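Pasted below: structure-v4.pdb, PDB, C-alpha atoms.
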```
ATOM      1  CA  MET A  20     -21.060  25.672 -26.660
ATOM      2  CA  ASN A  21     -19.958  22.134 -27.564
ATOM      3  CA  LYS A  22     -18.386  20.233 -24.684
ATOM      4  CA  ALA A  23     -16.286  17.119 -24.281
ATOM      5  CA  LEU A  24     -15.426  15.349 -21.038
ATOM      6  CA  ILE A  25     -11.685  14.663 -20.843
ATOM      7  CA  ILE A  26     -10.717  11.877 -18.410
ATOM      8  CA  ILE A  27      -6.962  12.050 -17.850
ATOM      9  CA  ASP A  28      -4.780   9.165 -16.650
ATOM     10  CA  THR A  29      -7.532   7.395 -14.710
ATOM     11  CA  GLN A  30      -5.717   4.129 -15.208
ATOM     12  CA  ASP A  31      -4.641   1.035 -13.300
ATOM     13  CA  SER A  32      -0.986   2.157 -13.399
ATOM     14  CA  PHE A  33      -1.572   4.321 -10.326
ATOM     15  CA  PHE A  34      -2.498   1.339  -8.151
ATOM     16  CA  GLU A  35       1.132   0.189  -8.464
ATOM     17  CA  THR A  36       2.834   3.486  -7.573
ATOM     18  CA  ASP A  37       4.466   4.048  -4.199
ATOM     19  CA  TYR A  38       2.348   7.165  -3.608
ATOM     20  CA  TRP A  39      -1.111   5.635  -4.207
ATOM     21  CA  GLN A  40      -3.548   6.465  -1.382
ATOM     22  CA  GLU A  41      -6.999   4.960  -1.171
ATOM     23  CA  LYS A  42      -8.457   7.600   1.180
ATOM     24  CA  TYR A  43      -9.669  10.021  -1.520
ATOM     25  CA  PHE A  44     -10.536   7.426  -4.149
ATOM     26  CA  LEU A  45     -14.207   6.754  -3.280
ATOM     27  CA  ASP A  46     -15.218  10.426  -3.537
ATOM     28  CA  PHE A  47     -13.276  10.748  -6.789
ATOM     29  CA  LYS A  48     -15.042   7.704  -8.260
ATOM     30  CA  LYS A  49     -18.467   9.007  -7.228
ATOM     31  CA  ASN A  50     -17.851  12.491  -8.641
ATOM     32  CA  LEU A  51     -16.306  11.328 -11.904
ATOM     33  CA  GLY A  52     -19.001   8.671 -12.258
ATOM     34  CA  SER A  53     -21.743  11.304 -12.056
ATOM     35  CA  LEU A  54     -20.065  13.305 -14.827
ATOM     36  CA  VAL A  55     -19.709  10.230 -17.025
ATOM     37  CA  GLU A  56     -23.399   9.496 -16.472
ATOM     38  CA  HIS A  57     -24.339  13.073 -17.410
ATOM     39  CA  PHE A  58     -22.201  13.135 -20.559
ATOM     40  CA  ASN A  59     -23.476   9.710 -21.627
ATOM     41  CA  SER A  60     -27.124  10.680 -21.146
ATOM     42  CA  ALA A  61     -26.569  13.970 -23.014
ATOM     43  CA  ASN A  62     -24.793  12.068 -25.803
ATOM     44  CA  LEU A  63     -21.702  14.269 -25.406
ATOM     45  CA  PRO A  64     -18.180  13.026 -26.177
ATOM     46  CA  ILE A  65     -16.152  11.316 -23.468
ATOM     47  CA  ILE A  66     -12.419  11.263 -24.183
ATOM     48  CA  LYS A  67     -10.052   8.907 -22.403
ATOM     49  CA  VAL A  68      -6.387   9.918 -22.167
ATOM     50  CA  LEU A  69      -3.878   7.362 -20.910
ATOM     51  CA  HIS A  70      -0.280   7.985 -19.847
ATOM     52  CA  SER A  71       2.025   5.565 -21.636
ATOM     53  CA  ARG A  72       5.817   5.410 -21.272
ATOM     54  CA  GLU A  73       7.466   2.794 -23.469
ATOM     55  CA  ASP A  74      10.864   4.317 -22.589
ATOM     56  CA  MET A  75      10.489   3.187 -18.945
ATOM     57  CA  PRO A  76      10.552  -0.627 -19.006
ATOM     58  CA  ASP A  77       9.978  -1.175 -15.265
ATOM     59  CA  SER A  78       7.254   1.445 -14.886
ATOM     60  CA  PRO A  79       3.568   0.705 -14.287
ATOM     61  CA  PHE A  80       3.033   3.299 -17.043
ATOM     62  CA  ASN A  81       4.788   1.079 -19.594
ATOM     63  CA  PRO A  82       2.196  -0.693 -21.781
ATOM     64  CA  ALA A  83       4.010  -4.005 -21.218
ATOM     65  CA  SER A  84       2.953  -3.810 -17.541
ATOM     66  CA  GLY A  85      -0.646  -4.446 -18.580
ATOM     67  CA  LEU A  86      -1.703  -1.522 -16.376
ATOM     68  CA  VAL A  87      -2.118   1.183 -19.030
ATOM     69  CA  LYS A  88      -5.883   0.738 -19.144
ATOM     70  CA  ALA A  89      -8.875   2.574 -17.732
ATOM     71  CA  MET A  90      -9.853   1.830 -14.148
ATOM     72  CA  ASP A  91     -12.726  -0.637 -13.830
ATOM     73  CA  PHE A  92     -15.325   1.886 -12.674
ATOM     74  CA  LEU A  93     -15.129   3.739 -16.010
ATOM     75  CA  PRO A  94     -17.221   2.739 -19.022
ATOM     76  CA  SER A  95     -15.758   0.153 -21.357
ATOM     77  CA  SER A  96     -16.148   2.359 -24.407
ATOM     78  CA  PHE A  97     -15.225   5.974 -24.994
ATOM     79  CA  THR A  98     -15.818   8.356 -27.871
ATOM     80  CA  LYS A  99     -12.060   8.481 -28.480
ATOM     81  CA  VAL A 100      -8.863   7.335 -26.749
ATOM     82  CA  PHE A 101      -5.546   9.197 -26.816
ATOM     83  CA  TYR A 102      -2.156   8.168 -25.437
ATOM     84  CA  LYS A 103       0.302  10.687 -24.042
ATOM     85  CA  SER A 104       3.858  10.500 -22.749
ATOM     86  CA  VAL A 105       4.135  13.998 -21.247
ATOM     87  CA  HIS A 106       2.220  15.928 -18.597
ATOM     88  CA  ASN A 107      -0.476  17.370 -20.859
ATOM     89  CA  ALA A 108      -3.002  15.640 -23.076
ATOM     90  CA  PHE A 109      -2.316  17.782 -26.155
ATOM     91  CA  THR A 110       1.382  17.476 -27.029
ATOM     92  CA  ASP A 111       1.871  14.968 -29.863
ATOM     93  CA  THR A 112      -1.514  13.279 -29.314
ATOM     94  CA  GLY A 113      -3.786  14.792 -31.952
ATOM     95  CA  LEU A 114      -6.361  15.727 -29.301
ATOM     96  CA  ALA A 115      -6.617  19.411 -30.297
ATOM     97  CA  THR A 116      -7.108  18.497 -33.953
ATOM     98  CA  TRP A 117      -9.797  15.949 -33.065
ATOM     99  CA  LEU A 118     -11.646  18.432 -30.839
ATOM    100  CA  LYS A 119     -11.581  21.160 -33.498
ATOM    101  CA  ARG A 120     -12.688  18.711 -36.212
ATOM    102  CA  HIS A 121     -15.694  17.862 -34.036
ATOM    103  CA  ASN A 122     -16.451  21.528 -33.248
ATOM    104  CA  ILE A 123     -15.680  21.126 -29.547
ATOM    105  CA  ASP A 124     -14.883  24.490 -27.985
ATOM    106  CA  THR A 125     -15.124  23.554 -24.291
ATOM    107  CA  VAL A 126     -13.216  20.835 -22.457
ATOM    108  CA  VAL A 127     -14.239  19.525 -19.049
ATOM    109  CA  ILE A 128     -11.078  18.372 -17.276
ATOM    110  CA  THR A 129     -11.099  15.427 -14.849
ATOM    111  CA  GLY A 130      -8.722  12.644 -13.852
ATOM    112  CA  ILE A 131      -5.503  11.898 -11.987
ATOM    113  CA  ARG A 132      -3.356  13.899 -10.719
ATOM    114  CA  THR A 133      -5.005  17.212  -9.980
ATOM    115  CA  GLU A 134      -1.904  19.413  -9.831
ATOM    116  CA  GLN A 135       0.081  17.602 -12.477
ATOM    117  CA  CYS A 136      -1.434  16.225 -15.674
ATOM    118  CA  CYS A 137      -4.922  17.666 -15.106
ATOM    119  CA  GLU A 138      -3.718  21.180 -14.296
ATOM    120  CA  THR A 139      -1.125  21.115 -17.079
ATOM    121  CA  THR A 140      -3.738  19.973 -19.596
ATOM    122  CA  ALA A 141      -6.062  22.780 -18.475
ATOM    123  CA  ARG A 142      -3.352  25.395 -18.994
ATOM    124  CA  VAL A 143      -2.434  24.088 -22.449
ATOM    125  CA  ALA A 144      -6.103  23.822 -23.457
ATOM    126  CA  SER A 145      -6.607  27.457 -22.481
ATOM    127  CA  ASP A 146      -3.521  28.515 -24.432
ATOM    128  CA  LEU A 147      -4.886  26.653 -27.467
ATOM    129  CA  GLY A 148      -8.109  28.671 -27.283
ATOM    130  CA  PHE A 149     -10.466  26.162 -25.672
ATOM    131  CA  ASN A 150     -12.860  27.116 -22.890
ATOM    132  CA  VAL A 151     -11.826  25.061 -19.882
ATOM    133  CA  GLU A 152     -14.068  23.776 -17.108
ATOM    134  CA  PHE A 153     -11.986  22.192 -14.360
ATOM    135  CA  VAL A 154     -13.970  19.883 -12.089
ATOM    136  CA  THR A 155     -11.614  19.664  -9.119
ATOM    137  CA  LYS A 156     -13.806  17.210  -7.196
ATOM    138  CA  ALA A 157     -13.561  14.858 -10.195
ATOM    139  CA  THR A 158      -9.767  14.919 -10.040
ATOM    140  CA  LEU A 159      -7.595  12.898  -7.706
ATOM    141  CA  THR A 160      -4.255  13.556  -6.126
ATOM    142  CA  PHE A 161      -2.336  12.349  -3.114
ATOM    143  CA  ASP A 162      -0.587  13.821  -0.098
ATOM    144  CA  MET A 163       2.901  14.879  -1.200
ATOM    145  CA  LYS A 164       6.127  15.562   0.641
ATOM    146  CA  CYS A 165       8.257  18.384  -0.742
ATOM    147  CA  PRO A 166      11.674  16.988  -1.710
ATOM    148  CA  ILE A 167      13.304  20.294  -0.718
ATOM    149  CA  THR A 168      11.659  21.276   2.588
ATOM    150  CA  HIS A 169      10.260  17.831   3.464
ATOM    151  CA  LYS A 170       6.969  19.497   4.388
ATOM    152  CA  LEU A 171       3.940  17.257   3.842
ATOM    153  CA  TYR A 172       1.190  18.836   1.739
ATOM    154  CA  PRO A 173      -2.242  17.224   2.111
ATOM    155  CA  ALA A 174      -4.061  16.442  -1.125
ATOM    156  CA  GLU A 175      -6.834  18.903  -0.284
ATOM    157  CA  GLU A 176      -4.258  21.697   0.023
ATOM    158  CA  LEU A 177      -2.831  20.782  -3.388
ATOM    159  CA  LYS A 178      -6.338  20.903  -4.865
ATOM    160  CA  ALA A 179      -6.994  24.312  -3.270
ATOM    161  CA  ARG A 180      -3.759  25.609  -4.780
ATOM    162  CA  THR A 181      -4.779  24.296  -8.209
ATOM    163  CA  ASN A 182      -8.121  26.090  -7.906
ATOM    164  CA  LEU A 183      -6.307  29.288  -6.929
ATOM    165  CA  VAL A 184      -3.942  29.310  -9.900
ATOM    166  CA  LEU A 185      -6.452  28.156 -12.534
ATOM    167  CA  ALA A 186      -9.583  30.113 -11.577
ATOM    168  CA  LYS A 187     -10.425  33.080 -13.800
ATOM    169  CA  ARG A 188      -7.086  32.700 -15.577
ATOM    170  CA  PHE A 189      -7.020  29.347 -17.313
ATOM    171  CA  ALA A 190     -10.318  27.742 -16.330
ATOM    172  CA  SER A 191     -13.625  28.067 -14.600
ATOM    173  CA  ILE A 192     -13.754  25.841 -11.533
ATOM    174  CA  GLN A 193     -16.858  23.653 -11.569
ATOM    175  CA  ASP A 194     -18.562  21.261  -9.194
ATOM    176  CA  PRO A 195     -19.952  17.897 -10.362
ATOM    177  CA  SER A 196     -23.417  19.172  -9.386
ATOM    178  CA  ASP A 197     -23.094  21.880 -12.069
ATOM    179  CA  TYR A 198     -23.746  19.220 -14.716
TER     180      TYR A 198
END
```
How would this structure read if it were set down as structure tokens?
Amino acid sequence: MNKALIIIDTQDSFFETDYWQEKYFLDFKKNLGSLVEHFNSANLPIIKVLHSREDMPDSPFNPASGLVKAMDFLPSSFTKVFYKSVHNAFTDTGLATWLKRHNIDTVVITGIRTEQCCETTARVASDLGFNVEFVTKATLTFDMKCPITHKLYPAEELKARTNLVLAKRFASIQDPSDY
């Protein structure tokens, strides 16, 4: 089994969003940092995926903002960097081709936001035939208010829901200590 660590959208853009919440960030950094350390020491690929939206001039996800860059706690170099403009890391990025060319059959999904780009990437990876390991504790999301019911969903509830819908269907749910 050949693995690659996929770090999705862990970029400075999020610091400038109106939904950024610091309260879960320290645990996320610690958990993702331990995975980066493991993959580096095992000489396994670490892939950075950044969300970039040139069509949104006032967005922190527009490259002109200067914020479409990895957060400071991540290493300065990665095995490969991909840019995406949709919710998954595969559409129009060349990621699947790169992984197959390098005989990677298992992707370890981490990053920001758990229930959005990370979960969507996990589903697409599974559909493309990759084994998917989803490390929920190395993903980050934020409390969200439903625009329809106005109910507030805590981030931990969103993560539990992601585990429920991915487990044994699209991914195996892993803990950072599994590596």
Could you check which of A:Lys48, A:Ser104, A:Phe161, A:Ile27 is closest to A:Met75, using all atoms listed in the file?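 Using all atoms listed in the file, A:Met75 sits closest to A:Ser104.
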Long-range neighbours of stretch 90-95 of chain A as a VMD selection string, 10 Å cut-off, only C-alpha atoms, 3 positions minimum in chain: chain A and resid 26 28 to 34 48 to 49 51 to 52 55 to 56 59 65 67 86 to 87
Residue nearest A:Leu177 - candidates A:Thr116, A:Thr155, A:Asp46, A:Asn62, atoms counted: all atoms listed in the file: A:Thr155
Under the PyMOL selection byres ((chain A and resi 130) around 12), which residues of this model are included? Write them out as a PyMOL selection string. chain A and resi 24-30+33+44+47-48+50-52+54-55+66-70+89-90+93+107-108+127-129+131-141+153-160
Rank nothing, just name the residue among A:Glu152, A:Asp162, A:Asp124, A:Asp74 nearest to A:Asn182, using only C-alpha atoms. A:Glu152
What's the separation between atom CA of A:Lys42 and atom CA of A:Thr168, in Å to one decimal place? 24.4 Å
Env of A:Gly148: 12 Å cut, atoms = only C-alpha atoms, seq-sep filter 6 positions within chain, self excluded. Answer as a compact mmCIF listing (two decimals) with C-alpha atoms, in the coordinates of the input.
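Heads up, here's the output in out-v3.txt:
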```txt
# COMPACT_ATOMS: atom_id res chain seq x y z
CA ALA A 115 -6.62 19.41 -30.30
CA LEU A 118 -11.65 18.43 -30.84
CA LYS A 119 -11.58 21.16 -33.50
CA ILE A 123 -15.68 21.13 -29.55
CA ASP A 124 -14.88 24.49 -27.98
CA THR A 125 -15.12 23.55 -24.29
CA VAL A 126 -13.22 20.84 -22.46
CA ALA A 141 -6.06 22.78 -18.48
CA ARG A 142 -3.35 25.40 -18.99
CA PHE A 189 -7.02 29.35 -17.31
CA ALA A 190 -10.32 27.74 -16.33
```
Record the distance separating atom CA of A:Tyr38 and atom CA of A:Pro82, expressed in Å with one decimal. 19.8 Å
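The interatomic distance for the pair atom CA of A:Asn122 and atom CA of A:Ser145 works out to 15.7 Å.
Of the listed residues A:Met20, A:Phe149, A:Met163, A:Thr110, the one whose atoms come nearest to A:Lys178 is A:Met163, with distances taken using all atoms listed in the file.
Between A:Trp39 and the residues A:Ala174, A:Ile192, A:Ala144, A:Leu185, the shortest atom-to-atom distance, using only C-alpha atoms, involves A:Ala174.
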Report as JSON the centre and the edge lengths, in Å to one decimal, of the axis-aligned box holding every listed atom of stretch 47-66 of chain A, padded by 6 Å on each side.
```
{"center_x": -19.8, "center_y": 11.0, "center_z": -16.5, "size_x": 26.7, "size_y": 18.6, "size_z": 31.4}
```
Output stretch 117-156 of chain A from the block with C-alpha atoms, as a PDB file, in the first residue's frame?
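Final output, saved to decode-v4.pdb:
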```
ATOM      1  CA  TRP A 117      -0.095  12.361 -10.468  1.00  0.00           C
ATOM      2  CA  LEU A 118      -1.066   9.848  -7.771  1.00  0.00           C
ATOM      3  CA  LYS A 119      -1.452   7.009 -10.283  1.00  0.00           C
ATOM      4  CA  ARG A 120       1.842   7.910 -11.992  1.00  0.00           C
ATOM      5  CA  HIS A 121       3.538   7.599  -8.597  1.00  0.00           C
ATOM      6  CA  ASN A 122       1.755   4.323  -7.749  1.00  0.00           C
ATOM      7  CA  ILE A 123      -0.173   5.860  -4.855  1.00  0.00           C
ATOM      8  CA  ASP A 124      -3.246   3.784  -4.056  1.00  0.00           C
ATOM      9  CA  THR A 125      -4.151   5.261  -0.654  1.00  0.00           C
ATOM     10  CA  VAL A 126      -4.838   8.896   0.189  1.00  0.00           C
ATOM     11  CA  VAL A 127      -4.852  10.233   3.737  1.00  0.00           C
ATOM     12  CA  ILE A 128      -7.268  13.168   3.839  1.00  0.00           C
ATOM     13  CA  THR A 129      -6.696  16.160   6.139  1.00  0.00           C
ATOM     14  CA  GLY A 130      -7.328  19.899   6.027  1.00  0.00           C
ATOM     15  CA  ILE A 131     -10.046  22.542   6.159  1.00  0.00           C
ATOM     16  CA  ARG A 132     -13.227  22.218   6.129  1.00  0.00           C
ATOM     17  CA  THR A 133     -14.153  18.781   7.382  1.00  0.00           C
ATOM     18  CA  GLU A 134     -17.651  18.518   5.903  1.00  0.00           C
ATOM     19  CA  GLN A 135     -16.963  20.445   2.735  1.00  0.00           C
ATOM     20  CA  CYS A 136     -13.749  20.137   0.738  1.00  0.00           C
ATOM     21  CA  CYS A 137     -12.258  17.313   2.828  1.00  0.00           C
ATOM     22  CA  GLU A 138     -15.383  15.148   2.765  1.00  0.00           C
ATOM     23  CA  THR A 139     -16.024  15.886  -0.913  1.00  0.00           C
ATOM     24  CA  THR A 140     -12.437  14.983  -1.801  1.00  0.00           C
ATOM     25  CA  ALA A 141     -12.766  11.717   0.139  1.00  0.00           C
ATOM     26  CA  ARG A 142     -15.919  10.766  -1.760  1.00  0.00           C
ATOM     27  CA  VAL A 143     -14.388  11.558  -5.154  1.00  0.00           C
ATOM     28  CA  ALA A 144     -11.163   9.726  -4.263  1.00  0.00           C
ATOM     29  CA  SER A 145     -13.193   6.643  -3.369  1.00  0.00           C
ATOM     30  CA  ASP A 146     -15.155   6.869  -6.616  1.00  0.00           C
ATOM     31  CA  LEU A 147     -11.856   7.079  -8.516  1.00  0.00           C
ATOM     32  CA  GLY A 148     -10.706   3.819  -6.922  1.00  0.00           C
ATOM     33  CA  PHE A 149      -8.334   5.098  -4.241  1.00  0.00           C
ATOM     34  CA  ASN A 150      -8.320   3.716  -0.710  1.00  0.00           C
ATOM     35  CA  VAL A 151      -9.242   6.617   1.543  1.00  0.00           C
ATOM     36  CA  GLU A 152      -8.118   7.185   5.119  1.00  0.00           C
ATOM     37  CA  PHE A 153      -9.940  10.156   6.616  1.00  0.00           C
ATOM     38  CA  VAL A 154      -8.230  11.600   9.685  1.00  0.00           C
ATOM     39  CA  THR A 155     -11.086  13.614  11.168  1.00  0.00           C
ATOM     40  CA  LYS A 156      -8.998  14.999  14.040  1.00  0.00           C
TER      41      LYS A 156
END
```
